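Data file: model.csv. Format and content: CSV, C-alpha atoms and all ligand atoms.
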```csv
chain,number,residue,atom,x,y,z
A,921,MET,CA,0.0,21.0,5.2
A,922,LEU,CA,2.6,19.4,2.9
A,923,GLN,CA,4.3,21.6,0.3
A,924,LEU,CA,7.0,20.4,-2.1
A,925,GLU,CA,8.6,23.0,-4.3
A,926,ASN,CA,10.8,22.1,-7.2
A,927,LEU,CA,12.0,19.0,-5.4
A,928,SER,CA,14.6,16.9,-7.1
A,929,VAL,CA,16.5,13.7,-5.9
A,930,CYS,CA,19.5,12.5,-7.9
A,931,PHE,CA,21.4,9.3,-7.5
A,932,GLY,CA,24.7,9.9,-9.3
A,933,GLY,CA,23.6,10.6,-12.9
A,934,LEU,CA,20.0,9.4,-12.4
A,935,THR,CA,17.3,12.0,-11.6
A,936,ALA,CA,14.8,9.9,-9.7
A,937,VAL,CA,12.6,12.9,-8.8
A,938,ASN,CA,12.7,15.8,-11.1
A,939,ALA,CA,11.5,19.3,-10.0
A,940,VAL,CA,8.3,18.2,-8.3
A,941,THR,CA,5.9,20.9,-7.0
A,942,LEU,CA,2.9,19.6,-5.0
A,943,SER,CA,0.6,20.6,-2.2
A,944,VAL,CA,-1.4,18.2,-0.1
A,945,GLY,CA,-3.8,19.3,2.6
A,946,THR,CA,-5.1,17.6,5.8
A,947,HIS,CA,-8.3,16.5,4.2
A,948,ASP,CA,-6.9,15.2,1.0
A,949,VAL,CA,-6.7,11.5,-0.1
A,950,VAL,CA,-4.3,11.6,-3.0
A,951,GLY,CA,-3.3,8.7,-5.2
A,952,LEU,CA,0.3,8.7,-6.4
A,953,VAL,CA,0.7,6.6,-9.6
A,954,GLY,CA,3.2,6.1,-12.3
A,955,PRO,CA,5.2,3.3,-14.1
A,956,ASN,CA,7.8,1.2,-12.2
A,957,GLY,CA,10.9,3.3,-11.5
A,958,ALA,CA,9.0,6.6,-11.9
A,959,GLY,CA,10.3,7.9,-8.5
A,960,LYS,CA,7.2,7.3,-6.3
A,961,THR,CA,9.0,5.6,-3.4
A,962,THR,CA,11.9,8.0,-3.7
A,963,LEU,CA,9.5,10.9,-3.3
A,964,PHE,CA,8.1,9.3,-0.1
A,965,ASN,CA,11.7,8.7,1.1
A,966,ALA,CA,12.5,12.4,0.5
A,967,ILE,CA,9.4,13.6,2.4
A,968,SER,CA,10.0,11.2,5.3
A,969,GLY,CA,13.7,12.0,5.6
A,970,LEU,CA,15.2,8.7,4.4
A,971,VAL,CA,16.9,10.3,1.4
A,972,ARG,CA,18.3,13.8,1.0
A,973,PRO,CA,16.9,15.8,-1.9
A,974,THR,CA,19.4,17.3,-4.3
A,975,SER,CA,17.5,20.5,-4.5
A,976,GLY,CA,14.1,22.1,-3.7
A,977,ARG,CA,12.1,22.7,-0.6
A,978,ILE,CA,9.8,20.6,1.6
A,979,THR,CA,7.6,22.4,4.2
A,980,PHE,CA,5.1,20.8,6.5
A,981,ASP,CA,2.7,23.0,8.4
A,982,GLU,CA,4.7,25.9,7.1
A,983,THR,CA,7.9,24.7,8.7
A,984,ASP,CA,10.9,23.8,6.6
A,985,VAL,CA,11.7,20.2,7.3
A,986,LEU,CA,14.6,19.6,4.9
A,987,GLY,CA,17.2,19.6,7.7
A,988,ALA,CA,15.1,17.5,10.1
A,989,PRO,CA,15.9,13.8,10.8
A,990,MET,CA,13.3,11.1,10.3
A,991,TYR,CA,12.1,11.0,13.9
A,992,LYS,CA,11.6,14.8,14.0
A,993,ARG,CA,9.5,14.6,10.8
A,994,ALA,CA,7.5,11.7,12.4
A,995,ARG,CA,6.9,13.8,15.5
A,996,MET,CA,5.7,16.7,13.3
A,997,GLY,CA,3.1,14.3,11.9
A,998,ILE,CA,4.6,12.7,8.8
A,999,GLY,CA,3.9,8.9,9.0
A,1000,ARG,CA,4.7,6.3,6.4
A,1001,THR,CA,4.6,2.6,5.5
A,1002,PHE,CA,7.3,0.7,3.5
A,1003,GLN,CA,6.8,-1.0,0.2
A,1004,ILE,CA,8.4,-4.1,1.6
A,1005,PRO,CA,6.9,-4.7,5.1
A,1006,GLN,CA,9.6,-4.2,7.8
A,1007,PRO,CA,8.4,-5.7,11.1
A,1008,MET,CA,10.9,-5.5,13.9
A,1009,HIS,CA,12.3,-9.0,14.3
A,1010,GLU,CA,11.9,-10.9,17.6
A,1011,LEU,CA,9.2,-8.4,18.7
A,1012,THR,CA,5.5,-9.1,19.1
A,1013,VAL,CA,2.9,-7.2,17.0
A,1014,ARG,CA,2.1,-5.0,20.1
A,1015,GLU,CA,5.8,-4.3,20.8
A,1016,ASN,CA,6.2,-3.2,17.1
A,1017,LEU,CA,3.5,-0.7,17.7
A,1018,MET,CA,5.0,0.5,21.0
A,1019,VAL,CA,8.4,1.1,19.3
A,1020,ALA,CA,6.7,2.9,16.4
A,1021,GLN,CA,4.7,5.0,18.9
A,1022,ARG,CA,7.7,6.0,20.9
A,1023,PHE,CA,9.5,6.9,17.7
A,1024,GLY,CA,6.7,9.1,16.5
A,1025,THR,CA,5.3,10.6,19.7
A,1026,GLY,CA,8.0,10.1,22.4
A,1027,SER,CA,5.8,8.0,24.7
A,1028,VAL,CA,3.6,4.9,24.8
A,1029,ASP,CA,-0.1,4.9,25.1
A,1030,GLN,CA,-1.5,1.4,25.4
A,1031,LYS,CA,-5.1,2.5,25.0
A,1032,LYS,CA,-4.3,4.1,21.6
A,1033,ILE,CA,-2.4,0.9,20.6
A,1034,ASP,CA,-5.5,-1.2,21.5
A,1035,GLU,CA,-7.6,1.1,19.3
A,1036,ILE,CA,-5.2,0.7,16.4
A,1037,LEU,CA,-5.0,-3.1,16.9
A,1038,ASP,CA,-8.8,-3.2,16.7
A,1039,PHE,CA,-9.0,-1.0,13.7
A,1040,THR,CA,-6.4,-3.0,11.7
A,1041,SER,CA,-8.0,-6.4,12.8
A,1042,LEU,CA,-4.7,-7.3,14.5
A,1043,ALA,CA,-6.0,-7.5,18.1
A,1044,SER,CA,-6.0,-11.3,18.2
A,1045,LYS,CA,-2.4,-11.3,16.9
A,1046,ALA,CA,-1.1,-8.7,19.4
A,1047,GLY,CA,1.1,-11.2,21.3
A,1048,ARG,CA,2.4,-13.0,18.2
A,1049,ASN,CA,5.9,-12.7,16.8
A,1050,ALA,CA,5.6,-10.1,14.0
A,1051,SER,CA,8.3,-11.5,11.8
A,1052,THR,CA,7.3,-15.2,11.8
A,1053,ASP,CA,3.6,-15.6,12.7
A,1054,LEU,CA,1.8,-13.3,10.3
A,1055,ALA,CA,0.2,-13.9,6.9
A,1056,LEU,CA,0.9,-11.3,4.1
A,1057,THR,CA,-2.4,-9.4,4.7
A,1058,GLU,CA,-1.5,-9.2,8.4
A,1059,LEU,CA,2.0,-8.0,7.7
A,1060,LYS,CA,0.6,-5.3,5.5
A,1061,ALA,CA,-2.0,-4.4,8.2
A,1062,LEU,CA,0.9,-4.2,10.6
A,1063,GLU,CA,2.7,-1.7,8.3
A,1064,VAL,CA,-0.4,0.5,8.4
A,1065,ALA,CA,-0.8,0.0,12.2
A,1066,LYS,CA,2.8,1.0,12.8
A,1067,ALA,CA,2.4,4.2,10.8
A,1068,LEU,CA,-0.8,5.0,12.7
A,1069,ALA,CA,1.0,4.5,16.0
A,1070,THR,CA,3.3,7.4,15.1
A,1071,ASN,CA,0.1,9.6,15.3
A,1072,PRO,CA,0.4,11.1,11.8
A,1073,LYS,CA,-1.3,14.1,10.3
A,1074,LEU,CA,-0.2,12.9,6.9
A,1075,LEU,CA,0.1,9.2,6.1
A,1076,LEU,CA,2.3,8.0,3.2
A,1077,LEU,CA,1.1,4.5,2.1
A,1078,ASP,CA,3.5,2.7,-0.3
A,1079,GLU,CA,1.7,-0.1,-2.1
A,1080,VAL,CA,0.0,-1.5,1.0
A,1081,LEU,CA,-2.5,-3.5,-1.2
A,1082,ALA,CA,0.1,-5.0,-3.5
A,1083,GLY,CA,0.2,-8.8,-3.5
A,1084,LEU,CA,-3.1,-9.3,-1.7
A,1085,GLU,CA,-5.7,-11.7,-3.0
A,1086,THR,CA,-9.3,-10.5,-3.7
A,1087,THR,CA,-10.8,-11.0,-0.2
A,1088,GLY,CA,-7.8,-9.6,1.6
A,1089,LYS,CA,-7.8,-6.6,-0.7
A,1090,ARG,CA,-11.5,-5.9,-0.2
A,1091,HIS,CA,-11.1,-6.0,3.6
A,1092,PHE,CA,-8.1,-3.8,3.4
A,1093,MET,CA,-9.9,-1.3,1.1
A,1094,SER,CA,-12.7,-0.8,3.6
A,1095,MET,CA,-10.1,-0.2,6.3
A,1096,LEU,CA,-8.4,2.4,4.2
A,1097,LYS,CA,-11.7,4.1,3.4
A,1098,ASN,CA,-12.4,4.5,7.1
A,1099,LEU,CA,-8.9,5.5,8.1
A,1100,HIS,CA,-9.0,9.1,6.7
A,1101,GLU,CA,-12.0,10.0,8.9
A,1102,LYS,CA,-11.4,8.0,12.0
A,1103,PHE,CA,-7.8,9.2,12.5
A,1104,SER,CA,-8.3,12.6,10.7
A,1105,VAL,CA,-5.3,12.1,8.5
A,1106,GLY,CA,-4.4,13.3,5.0
A,1107,ILE,CA,-3.3,10.4,2.9
A,1108,ILE,CA,-1.0,9.9,-0.1
A,1109,ILE,CA,-1.2,6.4,-1.4
A,1110,ILE,CA,1.0,4.8,-4.0
A,1111,GLU,CA,-0.9,2.1,-5.8
A,1112,HIS,CA,-0.8,0.6,-9.3
A,1113,ASP,CA,-4.4,-0.6,-9.6
A,1114,ILE,CA,-6.5,2.2,-11.2
A,1115,GLU,CA,-9.8,0.8,-9.9
A,1116,THR,CA,-8.4,0.9,-6.3
A,1117,ILE,CA,-7.2,4.5,-6.7
A,1118,SER,CA,-10.4,5.7,-8.3
A,1119,ASN,CA,-12.3,4.1,-5.5
A,1120,LEU,CA,-10.3,5.7,-2.7
A,1121,CYS,CA,-9.1,9.0,-4.0
A,1122,GLN,CA,-10.6,12.3,-5.1
A,1123,ARG,CA,-7.3,13.4,-6.5
A,1124,VAL,CA,-4.5,11.6,-8.4
A,1125,VAL,CA,-1.0,12.8,-9.3
A,1126,VAL,CA,1.2,11.0,-11.8
A,1127,LEU,CA,4.9,10.7,-11.9
A,1128,ASN,CA,6.8,9.7,-15.0
A,1129,PHE,CA,10.6,9.6,-15.1
A,1130,GLY,CA,10.6,11.6,-11.9
A,1131,GLU,CA,8.4,14.4,-13.3
A,1132,LEU,CA,4.9,15.2,-12.2
A,1133,ILE,CA,2.9,15.0,-15.4
A,1134,ALA,CA,-0.7,15.2,-14.2
A,1135,ASP,CA,-2.7,16.2,-11.1
A,1136,GLY,CA,-6.5,16.0,-11.1
A,1137,THR,CA,-9.6,13.9,-10.5
A,1138,PRO,CA,-9.2,10.1,-11.3
A,1139,ASP,CA,-11.5,10.5,-14.2
A,1140,ALA,CA,-9.5,13.4,-15.8
A,1141,VAL,CA,-6.1,11.9,-15.0
A,1142,PHE,CA,-6.7,8.4,-16.3
A,1143,ASN,CA,-8.2,9.7,-19.5
A,1144,ASP,CA,-5.3,12.1,-20.1
A,1145,PRO,CA,-3.4,11.1,-23.2
A,1146,ALA,CA,0.0,12.0,-21.6
A,1147,VAL,CA,-0.7,9.6,-18.7
A,1148,ILE,CA,-1.9,6.8,-21.0
A,1149,LYS,CA,1.3,7.3,-23.1
A,1150,SER,CA,3.5,7.1,-20.0
A,1151,TYR,CA,2.1,3.7,-19.2
A,1152,THR,CA,2.5,2.4,-22.7
A,1153,GLY,CA,6.1,3.6,-22.9
A,1154,GLY,CA,8.2,6.3,-24.5
A,1155,ALA,CA,6.7,9.4,-22.9
A,1156,HIS,CA,10.0,10.8,-21.6
A,1157,ALA,CA,9.9,14.5,-22.4
B,1,LIG,N1,19.0,4.4,-3.2
B,1,LIG,C1,19.1,4.4,-4.5
B,1,LIG,N2,20.2,4.5,-5.2
B,1,LIG,C2,20.3,4.5,-6.5
B,1,LIG,N3,19.2,4.5,-7.3
B,1,LIG,C3,18.0,4.5,-6.7
B,1,LIG,C4,17.9,4.4,-5.3
B,1,LIG,N4,16.5,4.3,-5.0
B,1,LIG,C5,15.9,4.4,-6.1
B,1,LIG,N5,16.7,4.4,-7.2
B,1,LIG,C6,16.4,4.5,-8.6
B,1,LIG,O1,15.5,5.7,-8.7
B,1,LIG,C7,14.4,5.4,-9.7
B,1,LIG,C8,13.1,5.5,-9.0
B,1,LIG,O2,12.9,4.5,-8.1
B,1,LIG,P1,11.7,4.3,-7.1
B,1,LIG,O3,11.9,3.2,-6.2
B,1,LIG,O4,11.4,5.7,-6.5
B,1,LIG,O5,10.5,4.1,-8.2
B,1,LIG,P2,9.0,3.7,-7.9
B,1,LIG,O6,8.2,4.6,-8.7
B,1,LIG,O7,8.7,3.6,-6.5
B,1,LIG,O8,8.9,2.3,-8.7
B,1,LIG,P3,8.0,0.9,-8.3
B,1,LIG,O9,6.6,1.2,-8.8
B,1,LIG,O10,8.7,-0.2,-9.0
B,1,LIG,O11,8.0,0.8,-6.8
B,1,LIG,C9,14.7,4.0,-10.2
B,1,LIG,O12,15.4,4.1,-11.4
B,1,LIG,C10,15.5,3.3,-9.1
B,1,LIG,O13,16.4,2.3,-9.6
B,2,MG,MG,8.1,2.0,-5.2
```

Could you rewrite the structure in this file as structure tokens?
Ligand SMILES: Nc1ncnc2c1ncn2[C@@H]1O[C@H](COP(=O)(O)OP(=O)(O)OP(=O)(O)O)[C@@H](O)[C@H]1O
Ligand SMILES: [Mg+2]
Amino acid sequence: MLQLENLSVCFGGLTAVNAVTLSVGTHDVVGLVGPNGAGKTTLFNAISGLVRPTSGRITFDETDVLGAPMYKRARMGIGRTFQIPQPMHELTVRENLMVAQRFGTGSVDQKKIDEILDFTSLASKAGRNASTDLALTELKALEVAKALATNPKLLLLDEVLAGLETTGKRHFMSMLKNLHEKFSVGIIIIEHDIETISNLCQRVVVLNFGELIADGTPDAVFNDPAVIKSYTGGAHA
């Protein structure tokens, strides 16, 4: 479904993503890990159309998407969340989902929105102001709900569990576990917590200084000496 070939993103002299080649299918739940600044969010930005790659190819369902703007990629089925929750100010939770749904599908389907509100445990907050009335767990759930409202085939989740305390995290984890099946989406999830990744994903890829240094099962990847070294520093090839 998603194919990256030799994808690079440079900011001036800094190579944030360095010749990454990666395929992700509809049925995959892939963990994307790596130290701070490794290029994980930049990779999501390149896939979703927020930054322009310097070189390489991105195809989705065998269509070249490099020239397509964000909303076109969303309508093809690429959905995402943002590392820092970005609710639309002055809008209610429901209105946020309506805007996201129109962006991703071109129309509004209230039944689908109700289903997403239920799934993300936000139904009781549907009429609340999204930027002032939500706790952190709810803001994070809203990020996932907005991404689901765009009707994705592939969902890019950027640290949706970060900052949550134990109970919120447990609740969120069970939601994420069900998400793949209920909405038939492929998932790439950026997450620093190894236990969380091992629990959710059958496959993990590792970025280090923009380069993809490992791709395999959680067990194989987290025991790979090159991966361990990247976390303890000084593994720049
Ligand atoms: N718009 C930008 N302009 C210039 N440099 C950028 C930009 N976005 C990211 N970078 C740089 O690119 C590198 C990769 O950043 P990125 O945010 O992708 O890392 P990350 O793996 O998501 O890190 P974290 O785990 O801290 O979220 C960093 O050195 C960052 O400072
Ligand atoms: Mg990031």

At what distance in Å, to one decimal, does atom P3 of ligand LIG 1 (chain B) lie from CA of Glu982 (chain A)?
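Separating CA of Glu982 (chain A) from atom P3 of ligand LIG 1 (chain B) is a distance of 29.5 Å.
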
As a quick test: using all atoms listed in the file, which residues lie no more than 10 Å away from ligand MG 2 (chain B)? Give them as a PyMOL selection string.
chain A and resi 953-965+1002-1004+1078-1079+1110-1112

Just the residues within 7 Å of region 1059-1063 of chain A, please, counting all atoms listed in the file, with nothing from its chain fewer than 6 positions along; format it as a ChimeraX atom specification.
/A:1001,1005,1040,1080

Nearest to Val1064 (chain A) among A:Gly969, A:Gly1106, A:Gly999, A:Gly1083, with distances taken over all atoms listed in the file: which residue is it?
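Closest residue, counting all atoms listed in the file: A:Gly999.
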
Here is a test: counting only C-alpha atoms and all ligand atoms, which residue of A:Thr1087, A:Thr935, A:Thr1025, A:Ser1118 is nearest to ligand LIG 1 (chain B)?
A:Thr935

Report the distance between CA of Leu1084 (chain A) and CA of Ile1108 (chain A) in Å, rounded to one decimal place.
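Distance reported for this atom pair: 19.4 Å.
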
Name all residues at most 10 Å from Gln923 (chain A) (count all atoms listed in the file; drop same-chain ones fewer than 6 positions away) and give them as a list of chain:residue names.
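Non-adjacent residues within range: A:Thr941, A:Leu942, A:Ser943, A:Val944, A:Gly945, A:Ile967, A:Arg977, A:Ile978, A:Thr979, A:Phe980, A:Asp981, A:Glu982, A:Thr983, A:Asp984.
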
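Picture a line from CA of Val940 (chain A) to CA of Leu1127 (chain A); it runs 9.0 Å.
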
With only C-alpha atoms as the atoms that count, which of A:Gly1153, A:Pro1138, A:Pro1007, A:Pro1145 lies nearest to Gly951 (chain A)?
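The shortest atom-to-atom distance to Gly951 (chain A) comes from A:Pro1138.
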
Nearest residue to Val1019 (chain A) out of A:Lys1066, A:Lys992, A:Lys1032, A:Arg1000, using only C-alpha atoms?
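Closest to Val1019 (chain A), using only C-alpha atoms: A:Lys1066.
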
Quick one: of A:Ile1148, A:Thr974, A:Ser1044, A:Ala1050, who's nearest to Leu1017 (chain A), counting all atoms listed in the file?
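Counting all atoms listed in the file, the residue closest to Leu1017 (chain A) is A:Ala1050.
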